[in-house]
Structure formats: C-alpha cells, structure tokens
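Report on the structure given below.
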Amino acid sequence: GAVVSQHPSWVICKSGTSVKIECRSLDFQATTMFWYRQFPKQSLMLMATSNEGSKATYEQGVEKDKFLINHASLTLSTLTVTSAHPEDSSFYICSAGAGGSDTQYFGPGTRLTVL
Amino acid sequence: ILNVEQSPQSLHVQEGDSTNFTCSFPSSNFYALHWYRWETAKSPEALFVMTLNGDEKKKGRISATLNTKEGYSYLYIKGSQPEDSATYLCALSEGTYKYIFGTGTRLKVLA
C-alpha cells in the first residue's frame, strides 16, 4: 500500500519552455503532497507543500510564479516549471502524506534537463 | 533551522559484513526521525520512524536506534547482502509532515 507514482521519469526540454510533472497517490487519498528538489551531492530540499483545494505553501527562496503547483484532487498534484532555464535542471521528487501518520510516501522522481 | 548530517557519504562492504552509519543533528527539538532506503530509479522506501530517546526499531537484518540527548541515530545492517545496496536517507520531521533530509549514505555491497 501507499504507492506514489510520478510522471515523467525524465524529461529534456528547451530553454524557455514549460514542463509539467505529475504526482499521483495510487492507493490512498493524500490531502497533503510535497515537492522536493535535489541538486547533485546535496540533500532533498523541500520546495513547497500542496494541500488539496488550496494554494501551495512555498519555502523561502522558491519562486511561486516559476514553479506552479496545483493539487486539484486527493490523488493528483502537478508541478509546472515555467519558462525553464538550464539552472532549473535538477531532480524533482514528490511525496504524499497518508493521513494519521507523519510518514511521507515518495514517488520515484523526475530528472529534468533544460538545454 | 535543523541541520541533518549523515556519515559516511558512501561505503563499500563485502557480502556478509555488518555495517552501520550515522545520522546526527544538533538538537532534540523535532517530532520524529525517519530512515528511508532509496534504490536507484525507485521510490524511497520508508524503513523506520522513531520519536523517543532510546527508541530501537528492527526490520529483518536492519535495525535503528535513536539518541535524542546526544543528537544521533544509528542504522545497522547485519550480514549485508547485495540487495542492500542503496542510499540510506534520514530525515527529521518537525511535525505536520515537514521533513529536513540529510545527504544520505550510499552503500554498495560487493558479492
């Protein structure tokens, strides 16, 4: 149980384009989902917390207009990287809370490369 | 702001060896400590969650301990197998799900 999928697993795009990443909880409802980013040799850094039906809460230093998060249902959250630049190239991973416990369940991540 | 450190960054062990690594943090002001195993191209898998000083958890050949007074947690693997090769992450949560991760320990078990 508590399976989270993420799509796509990798994407290459041109500078200036937008990329959407989907995160789905497959066998549970997730009122809260999280988006992390990991640069090489660094730890997973929380970007934002997304609650179903409300606006996401962004961590300090994360541009909300650049990283659009939508959590329209209890099983789906999306992250859209708008006007991507090479410095946005990174590994993005989502997680979901299953309710009643502090444990987060993670997707497998998305490797974004911006040319 | 909590700072979570893991050591070593990476290690290689022979199949059958036992090993351990450390997650350290400067304060006991947190809600829980989590350990995850993360195999390449897969989702991080939750191993343990610990909240109290002296907590010990075990899952098969893997166990973990928590010492909040001195600010560390150990993860032990007994009789390492090649399938244990993965990155082991620890994370502190401050409650309400918010995690702060260490950089992980990358384990390679040689057959």
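By convention here, the chains of the structure tokens are called A, B, ... in the order presented, each chain's residues are numbered starting at 1, and ligands are numbered starting at 1 in the order presented.
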
Residues of chain B no more than 7 Å from chain A, counting only C-alpha atoms: send them over as a compact mmCIF listing (two decimals) with N, CA and C atoms, in the first residue's frame.
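So selection_34.txt came out as:
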# COMPACT_ATOMS: atom_id res chain seq x y z
N ALA B 41 16.55 4.57 -9.30
CA ALA B 41 15.38 4.55 -10.19
C ALA B 41 14.10 4.07 -9.50
N LYS B 42 14.12 3.99 -8.18
CA LYS B 42 12.91 3.60 -7.45
C LYS B 42 12.53 4.70 -6.47
N SER B 43 11.38 4.52 -5.84
CA SER B 43 10.94 5.48 -4.82
C SER B 43 11.65 5.19 -3.51
N PRO B 44 12.00 6.22 -2.76
CA PRO B 44 12.50 5.97 -1.40
C PRO B 44 11.47 5.17 -0.60
N TYR B 97 4.33 16.93 8.97
CA TYR B 97 4.96 16.35 7.80
C TYR B 97 6.24 17.01 7.34
N PHE B 101 16.08 16.67 5.35
CA PHE B 101 16.83 15.49 5.00
C PHE B 101 18.33 15.68 5.18
N GLY B 102 19.02 14.58 5.48
CA GLY B 102 20.45 14.53 5.34
C GLY B 102 20.81 14.23 3.89
N THR B 103 22.09 14.20 3.59
CA THR B 103 22.52 13.96 2.20
C THR B 103 22.59 12.48 1.86

Contacts of B:Thr68 within 9 Å, only C-alpha atoms, excl. fewer than 4 positions in-chain, as a list in words: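 Those residues are Phe25, Ser27, Ser28, Asn29, Thr51, Leu52, Asn53, Gly54, Tyr72 and Ser73 of chain B.
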
Would you kindly return, as a PDB file with all heavy atoms, in the first residue's frame, each protein, DNA or RNA residue with an atom no farther than 8 Å from any atom of stretch 12-29 of chain A, considering only C-alpha atoms and excluding same-chain residues fewer than 4 positions away?
ATOM      1  N   GLY A   1       0.815  -1.201   0.000  1.00  0.00           N
ATOM      2  CA  GLY A   1       0.000   0.000   0.000  1.00  0.00           C
ATOM      3  C   GLY A   1       0.853   1.256   0.000  1.00  0.00           C
ATOM      4  O   GLY A   1       2.069   1.191   0.055  1.00  0.00           O
ATOM      5  N   ALA A   2       0.213   2.435  -0.082  1.00  0.00           N
ATOM      6  CA  ALA A   2       0.854   3.737  -0.066  1.00  0.00           C
ATOM      7  C   ALA A   2       1.846   3.901  -1.210  1.00  0.00           C
ATOM      8  O   ALA A   2       3.017   4.182  -0.992  1.00  0.00           O
ATOM      9  CB  ALA A   2       1.518   4.014   1.276  1.00  0.00           C
ATOM     10  N   VAL A   3       1.362   3.716  -2.417  1.00  0.00           N
ATOM     11  CA  VAL A   3       2.205   3.835  -3.614  1.00  0.00           C
ATOM     12  C   VAL A   3       1.967   5.193  -4.260  1.00  0.00           C
ATOM     13  O   VAL A   3       0.827   5.628  -4.429  1.00  0.00           O
ATOM     14  CB  VAL A   3       1.889   2.723  -4.620  1.00  0.00           C
ATOM     15  CG1 VAL A   3       2.744   2.887  -5.877  1.00  0.00           C
ATOM     16  CG2 VAL A   3       2.111   1.353  -3.994  1.00  0.00           C
ATOM     17  N   VAL A   4       3.083   5.830  -4.602  1.00  0.00           N
ATOM     18  CA  VAL A   4       3.028   7.129  -5.274  1.00  0.00           C
ATOM     19  C   VAL A   4       3.748   7.011  -6.613  1.00  0.00           C
ATOM     20  O   VAL A   4       4.870   6.500  -6.673  1.00  0.00           O
ATOM     21  CB  VAL A   4       3.696   8.218  -4.408  1.00  0.00           C
ATOM     22  CG1 VAL A   4       3.745   9.546  -5.153  1.00  0.00           C
ATOM     23  CG2 VAL A   4       2.951   8.370  -3.088  1.00  0.00           C
ATOM     24  N   SER A   5       3.079   7.453  -7.664  1.00  0.00           N
ATOM     25  CA  SER A   5       3.727   7.434  -8.973  1.00  0.00           C
ATOM     26  C   SER A   5       4.057   8.854  -9.391  1.00  0.00           C
ATOM     27  O   SER A   5       3.454   9.825  -8.906  1.00  0.00           O
ATOM     28  CB  SER A   5       2.827   6.769 -10.019  1.00  0.00           C
ATOM     29  OG  SER A   5       1.716   7.603 -10.306  1.00  0.00           O
ATOM     30  N   GLN A   6       4.998   8.970 -10.303  1.00  0.00           N
ATOM     31  CA  GLN A   6       5.412  10.284 -10.779  1.00  0.00           C
ATOM     32  C   GLN A   6       5.710  10.151 -12.266  1.00  0.00           C
ATOM     33  O   GLN A   6       6.327   9.179 -12.709  1.00  0.00           O
ATOM     34  CB  GLN A   6       6.658  10.739 -10.012  1.00  0.00           C
ATOM     35  CG  GLN A   6       6.942  12.212 -10.094  1.00  0.00           C
ATOM     36  CD  GLN A   6       8.052  12.648  -9.138  1.00  0.00           C
ATOM     37  OE1 GLN A   6       8.232  12.084  -8.059  1.00  0.00           O
ATOM     38  NE2 GLN A   6       8.810  13.648  -9.544  1.00  0.00           N
ATOM     39  N   HIS A   7       5.288  11.159 -13.016  1.00  0.00           N
ATOM     40  CA  HIS A   7       5.450  11.086 -14.464  1.00  0.00           C
ATOM     41  C   HIS A   7       5.731  12.462 -15.025  1.00  0.00           C
ATOM     42  O   HIS A   7       5.090  13.432 -14.620  1.00  0.00           O
ATOM     43  CB  HIS A   7       4.165  10.523 -15.091  1.00  0.00           C
ATOM     44  CG  HIS A   7       4.221  10.450 -16.570  1.00  0.00           C
ATOM     45  ND1 HIS A   7       4.853   9.426 -17.250  1.00  0.00           N
ATOM     46  CD2 HIS A   7       3.761  11.295 -17.522  1.00  0.00           C
ATOM     47  CE1 HIS A   7       4.756   9.642 -18.544  1.00  0.00           C
ATOM     48  NE2 HIS A   7       4.101  10.760 -18.749  1.00  0.00           N
ATOM     49  N   PRO A   8       6.703  12.629 -15.927  1.00  0.00           N
ATOM     50  CA  PRO A   8       7.545  11.558 -16.477  1.00  0.00           C
ATOM     51  C   PRO A   8       8.717  11.252 -15.549  1.00  0.00           C
ATOM     52  O   PRO A   8       8.945  11.975 -14.587  1.00  0.00           O
ATOM     53  CB  PRO A   8       8.030  12.183 -17.785  1.00  0.00           C
ATOM     54  CG  PRO A   8       8.120  13.650 -17.486  1.00  0.00           C
ATOM     55  CD  PRO A   8       6.977  13.927 -16.551  1.00  0.00           C
ATOM     56  N   LEU A  74      -7.609  14.669  -4.517  1.00  0.00           N
ATOM     57  CA  LEU A  74      -6.941  13.997  -3.403  1.00  0.00           C
ATOM     58  C   LEU A  74      -5.893  12.986  -3.863  1.00  0.00           C
ATOM     59  O   LEU A  74      -5.221  12.391  -3.026  1.00  0.00           O
ATOM     60  CB  LEU A  74      -7.971  13.305  -2.512  1.00  0.00           C
ATOM     61  CG  LEU A  74      -8.791  14.241  -1.625  1.00  0.00           C
ATOM     62  CD1 LEU A  74      -9.928  13.470  -0.951  1.00  0.00           C
ATOM     63  CD2 LEU A  74      -7.924  14.918  -0.588  1.00  0.00           C
ATOM     64  N   THR A  75      -5.776  12.793  -5.172  1.00  0.00           N
ATOM     65  CA  THR A  75      -4.797  11.822  -5.661  1.00  0.00           C
ATOM     66  C   THR A  75      -3.822  12.407  -6.676  1.00  0.00           C
ATOM     67  O   THR A  75      -2.969  11.686  -7.181  1.00  0.00           O
ATOM     68  CB  THR A  75      -5.501  10.616  -6.311  1.00  0.00           C
ATOM     69  OG1 THR A  75      -6.306  11.079  -7.391  1.00  0.00           O
ATOM     70  CG2 THR A  75      -6.357   9.858  -5.298  1.00  0.00           C
ATOM     71  N   LEU A  76      -3.923  13.690  -6.967  1.00  0.00           N
ATOM     72  CA  LEU A  76      -3.071  14.248  -8.009  1.00  0.00           C
ATOM     73  C   LEU A  76      -2.577  15.641  -7.640  1.00  0.00           C
ATOM     74  O   LEU A  76      -3.364  16.526  -7.279  1.00  0.00           O
ATOM     75  CB  LEU A  76      -3.836  14.334  -9.327  1.00  0.00           C
ATOM     76  CG  LEU A  76      -3.126  15.046 -10.494  1.00  0.00           C
ATOM     77  CD1 LEU A  76      -1.874  14.285 -10.905  1.00  0.00           C
ATOM     78  CD2 LEU A  76      -4.076  15.185 -11.691  1.00  0.00           C
ATOM     79  N   SER A  77      -1.262  15.816  -7.742  1.00  0.00           N
ATOM     80  CA  SER A  77      -0.657  17.137  -7.647  1.00  0.00           C
ATOM     81  C   SER A  77       0.263  17.302  -8.847  1.00  0.00           C
ATOM     82  O   SER A  77       0.904  16.333  -9.277  1.00  0.00           O
ATOM     83  CB  SER A  77       0.142  17.291  -6.348  1.00  0.00           C
ATOM     84  OG  SER A  77       0.799  18.542  -6.288  1.00  0.00           O
ATOM     85  N   THR A  78       0.315  18.504  -9.387  1.00  0.00           N
ATOM     86  CA  THR A  78       1.210  18.750 -10.517  1.00  0.00           C
ATOM     87  C   THR A  78       2.141  19.915 -10.204  1.00  0.00           C
ATOM     88  O   THR A  78       1.762  20.857  -9.507  1.00  0.00           O
ATOM     89  CB  THR A  78       0.432  19.063 -11.805  1.00  0.00           C
ATOM     90  OG1 THR A  78      -0.377  20.225 -11.597  1.00  0.00           O
ATOM     91  CG2 THR A  78      -0.454  17.902 -12.208  1.00  0.00           C
ATOM     92  N   LEU A  79       3.344  19.791 -10.732  1.00  0.00           N
ATOM     93  CA  LEU A  79       4.346  20.859 -10.646  1.00  0.00           C
ATOM     94  C   LEU A  79       4.675  21.281 -12.064  1.00  0.00           C
ATOM     95  O   LEU A  79       5.074  20.437 -12.871  1.00  0.00           O
ATOM     96  CB  LEU A  79       5.605  20.358  -9.939  1.00  0.00           C
ATOM     97  CG  LEU A  79       6.842  21.255 -10.005  1.00  0.00           C
ATOM     98  CD1 LEU A  79       6.636  22.525  -9.205  1.00  0.00           C
ATOM     99  CD2 LEU A  79       8.081  20.512  -9.505  1.00  0.00           C
ATOM    100  N   THR A  80       4.491  22.547 -12.368  1.00  0.00           N
ATOM    101  CA  THR A  80       4.848  23.056 -13.691  1.00  0.00           C
ATOM    102  C   THR A  80       6.016  24.017 -13.544  1.00  0.00           C
ATOM    103  O   THR A  80       5.916  25.006 -12.808  1.00  0.00           O
ATOM    104  CB  THR A  80       3.656  23.782 -14.352  1.00  0.00           C
ATOM    105  OG1 THR A  80       2.563  22.873 -14.469  1.00  0.00           O
ATOM    106  CG2 THR A  80       4.040  24.282 -15.740  1.00  0.00           C
ATOM    107  N   VAL A  81       7.096  23.685 -14.217  1.00  0.00           N
ATOM    108  CA  VAL A  81       8.253  24.579 -14.249  1.00  0.00           C
ATOM    109  C   VAL A  81       8.057  25.480 -15.460  1.00  0.00           C
ATOM    110  O   VAL A  81       8.091  25.016 -16.605  1.00  0.00           O
ATOM    111  CB  VAL A  81       9.571  23.788 -14.368  1.00  0.00           C
ATOM    112  CG1 VAL A  81      10.768  24.736 -14.332  1.00  0.00           C
ATOM    113  CG2 VAL A  81       9.672  22.747 -13.261  1.00  0.00           C
ATOM    114  N   THR A  82       7.822  26.744 -15.224  1.00  0.00           N
ATOM    115  CA  THR A  82       7.530  27.675 -16.321  1.00  0.00           C
ATOM    116  C   THR A  82       8.806  28.360 -16.793  1.00  0.00           C
ATOM    117  O   THR A  82       9.724  28.615 -15.999  1.00  0.00           O
ATOM    118  CB  THR A  82       6.515  28.744 -15.879  1.00  0.00           C
ATOM    119  OG1 THR A  82       7.098  29.515 -14.819  1.00  0.00           O
ATOM    120  CG2 THR A  82       5.228  28.109 -15.385  1.00  0.00           C
ATOM    121  N   SER A  83       8.847  28.624 -18.086  1.00  0.00           N
ATOM    122  CA  SER A  83       9.995  29.306 -18.689  1.00  0.00           C
ATOM    123  C   SER A  83      11.308  28.732 -18.130  1.00  0.00           C
ATOM    124  O   SER A  83      12.108  29.439 -17.505  1.00  0.00           O
ATOM    125  CB  SER A  83       9.910  30.813 -18.417  1.00  0.00           C
ATOM    126  OG  SER A  83      10.903  31.500 -19.132  1.00  0.00           O
ATOM    127  N   ALA A  84      11.472  27.448 -18.381  1.00  0.00           N
ATOM    128  CA  ALA A  84      12.612  26.736 -17.785  1.00  0.00           C
ATOM    129  C   ALA A  84      13.946  27.271 -18.299  1.00  0.00           C
ATOM    130  O   ALA A  84      14.079  27.658 -19.469  1.00  0.00           O
ATOM    131  CB  ALA A  84      12.481  25.250 -18.090  1.00  0.00           C
ATOM    132  N   HIS A  85      14.916  27.285 -17.407  1.00  0.00           N
ATOM    133  CA  HIS A  85      16.281  27.690 -17.750  1.00  0.00           C
ATOM    134  C   HIS A  85      17.226  26.568 -17.361  1.00  0.00           C
ATOM    135  O   HIS A  85      16.878  25.709 -16.533  1.00  0.00           O
ATOM    136  CB  HIS A  85      16.651  28.974 -17.019  1.00  0.00           C
ATOM    137  CG  HIS A  85      15.945  30.173 -17.543  1.00  0.00           C
ATOM    138  ND1 HIS A  85      16.326  30.814 -18.705  1.00  0.00           N
ATOM    139  CD2 HIS A  85      14.862  30.841 -17.083  1.00  0.00           C
ATOM    140  CE1 HIS A  85      15.507  31.822 -18.929  1.00  0.00           C
ATOM    141  NE2 HIS A  85      14.616  31.864 -17.966  1.00  0.00           N
ATOM    142  N   PRO A  86      18.422  26.549 -17.922  1.00  0.00           N
ATOM    143  CA  PRO A  86      19.364  25.467 -17.593  1.00  0.00           C
ATOM    144  C   PRO A  86      19.596  25.309 -16.093  1.00  0.00           C
ATOM    145  O   PRO A  86      19.774  24.186 -15.618  1.00  0.00           O
ATOM    146  CB  PRO A  86      20.639  25.896 -18.319  1.00  0.00           C
ATOM    147  CG  PRO A  86      20.140  26.618 -19.530  1.00  0.00           C
ATOM    148  CD  PRO A  86      18.925  27.373 -19.050  1.00  0.00           C
ATOM    149  N   CYS A  94       8.316  14.007  -5.637  1.00  0.00           N
ATOM    150  CA  CYS A  94       7.140  14.367  -4.850  1.00  0.00           C
ATOM    151  C   CYS A  94       6.918  13.316  -3.764  1.00  0.00           C
ATOM    152  O   CYS A  94       7.436  12.202  -3.831  1.00  0.00           O
ATOM    153  CB  CYS A  94       5.902  14.461  -5.731  1.00  0.00           C
ATOM    154  SG  CYS A  94       5.335  12.881  -6.371  1.00  0.00           S
ATOM    155  N   SER A  95       6.148  13.698  -2.780  1.00  0.00           N
ATOM    156  CA  SER A  95       5.749  12.750  -1.744  1.00  0.00           C
ATOM    157  C   SER A  95       4.349  13.096  -1.281  1.00  0.00           C
ATOM    158  O   SER A  95       3.832  14.186  -1.561  1.00  0.00           O
ATOM    159  CB  SER A  95       6.714  12.784  -0.558  1.00  0.00           C
ATOM    160  OG  SER A  95       6.591  14.010   0.145  1.00  0.00           O
ATOM    161  N   ALA A  96       3.737  12.163  -0.577  1.00  0.00           N
ATOM    162  CA  ALA A  96       2.384  12.372  -0.097  1.00  0.00           C
ATOM    163  C   ALA A  96       2.261  11.832   1.313  1.00  0.00           C
ATOM    164  O   ALA A  96       2.895  10.846   1.674  1.00  0.00           O
ATOM    165  CB  ALA A  96       1.386  11.656  -1.013  1.00  0.00           C
ATOM    166  N   ALA A  98      -0.190  10.145   4.097  1.00  0.00           N
ATOM    167  CA  ALA A  98      -1.360   9.273   4.034  1.00  0.00           C
ATOM    168  C   ALA A  98      -2.387   9.571   5.109  1.00  0.00           C
ATOM    169  O   ALA A  98      -3.395   8.921   5.180  1.00  0.00           O
ATOM    170  CB  ALA A  98      -0.917   7.812   4.125  1.00  0.00           C
ATOM    171  N   GLY A 107       7.317   9.384  -4.611  1.00  0.00           N
ATOM    172  CA  GLY A 107       7.369   8.917  -5.984  1.00  0.00           C
ATOM    173  C   GLY A 107       8.809   8.611  -6.348  1.00  0.00           C
ATOM    174  O   GLY A 107       9.724   8.849  -5.545  1.00  0.00           O
ATOM    175  N   THR A 110      11.659  12.736 -10.963  1.00  0.00           N
ATOM    176  CA  THR A 110      11.751  13.161 -12.370  1.00  0.00           C
ATOM    177  C   THR A 110      13.064  13.902 -12.564  1.00  0.00           C
ATOM    178  O   THR A 110      13.362  14.862 -11.847  1.00  0.00           O
ATOM    179  CB  THR A 110      10.589  14.110 -12.731  1.00  0.00           C
ATOM    180  OG1 THR A 110       9.348  13.424 -12.587  1.00  0.00           O
ATOM    181  CG2 THR A 110      10.733  14.627 -14.162  1.00  0.00           C
ATOM    182  N   LEU A 112      14.936  16.407 -14.701  1.00  0.00           N
ATOM    183  CA  LEU A 112      14.689  17.468 -15.693  1.00  0.00           C
ATOM    184  C   LEU A 112      16.014  18.024 -16.182  1.00  0.00           C
ATOM    185  O   LEU A 112      16.860  18.431 -15.370  1.00  0.00           O
ATOM    186  CB  LEU A 112      13.859  18.593 -15.072  1.00  0.00           C
ATOM    187  CG  LEU A 112      13.727  19.872 -15.922  1.00  0.00           C
ATOM    188  CD1 LEU A 112      12.965  19.593 -17.214  1.00  0.00           C
ATOM    189  CD2 LEU A 112      13.025  20.979 -15.122  1.00  0.00           C
ATOM    190  N   THR A 113      16.171  18.035 -17.501  1.00  0.00           N
ATOM    191  CA  THR A 113      17.335  18.661 -18.122  1.00  0.00           C
ATOM    192  C   THR A 113      16.850  19.750 -19.060  1.00  0.00           C
ATOM    193  O   THR A 113      16.028  19.482 -19.950  1.00  0.00           O
ATOM    194  CB  THR A 113      18.164  17.639 -18.923  1.00  0.00           C
ATOM    195  OG1 THR A 113      18.586  16.587 -18.041  1.00  0.00           O
ATOM    196  CG2 THR A 113      19.389  18.291 -19.541  1.00  0.00           C
ATOM    197  N   VAL A 114      17.318  20.954 -18.831  1.00  0.00           N
ATOM    198  CA  VAL A 114      16.935  22.088 -19.682  1.00  0.00           C
ATOM    199  C   VAL A 114      18.138  22.482 -20.523  1.00  0.00           C
ATOM    200  O   VAL A 114      19.207  22.800 -19.993  1.00  0.00           O
ATOM    201  CB  VAL A 114      16.464  23.286 -18.835  1.00  0.00           C
ATOM    202  CG1 VAL A 114      15.963  24.405 -19.755  1.00  0.00           C
ATOM    203  CG2 VAL A 114      15.376  22.876 -17.859  1.00  0.00           C
ATOM    204  N   LEU A 115      17.934  22.438 -21.854  1.00  0.00           N
ATOM    205  CA  LEU A 115      19.052  22.731 -22.763  1.00  0.00           C
ATOM    206  C   LEU A 115      19.151  24.207 -23.090  1.00  0.00           C
ATOM    207  O   LEU A 115      18.132  24.921 -23.072  1.00  0.00           O
ATOM    208  CB  LEU A 115      18.881  21.918 -24.049  1.00  0.00           C
ATOM    209  CG  LEU A 115      18.818  20.393 -23.852  1.00  0.00           C
ATOM    210  CD1 LEU A 115      18.545  19.720 -25.181  1.00  0.00           C
ATOM    211  CD2 LEU A 115      20.102  19.884 -23.228  1.00  0.00           C
TER     212      LEU A 115
END

**OP:** Might you pull out every residue within 10 Å of B:Ile77, with only C-alpha atoms counted and same-chain residues fewer than 6 positions away left off, and present them as a VMD selection string?
**Re:** chain B and resid 16 to 21 58 to 64 84

Which distance in Å separates atom CA of B:Phe30 and atom CA of B:Thr87, to one decimal?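 Separation between atom CA of B:Phe30 and atom CA of B:Thr87: 23.1 Å.
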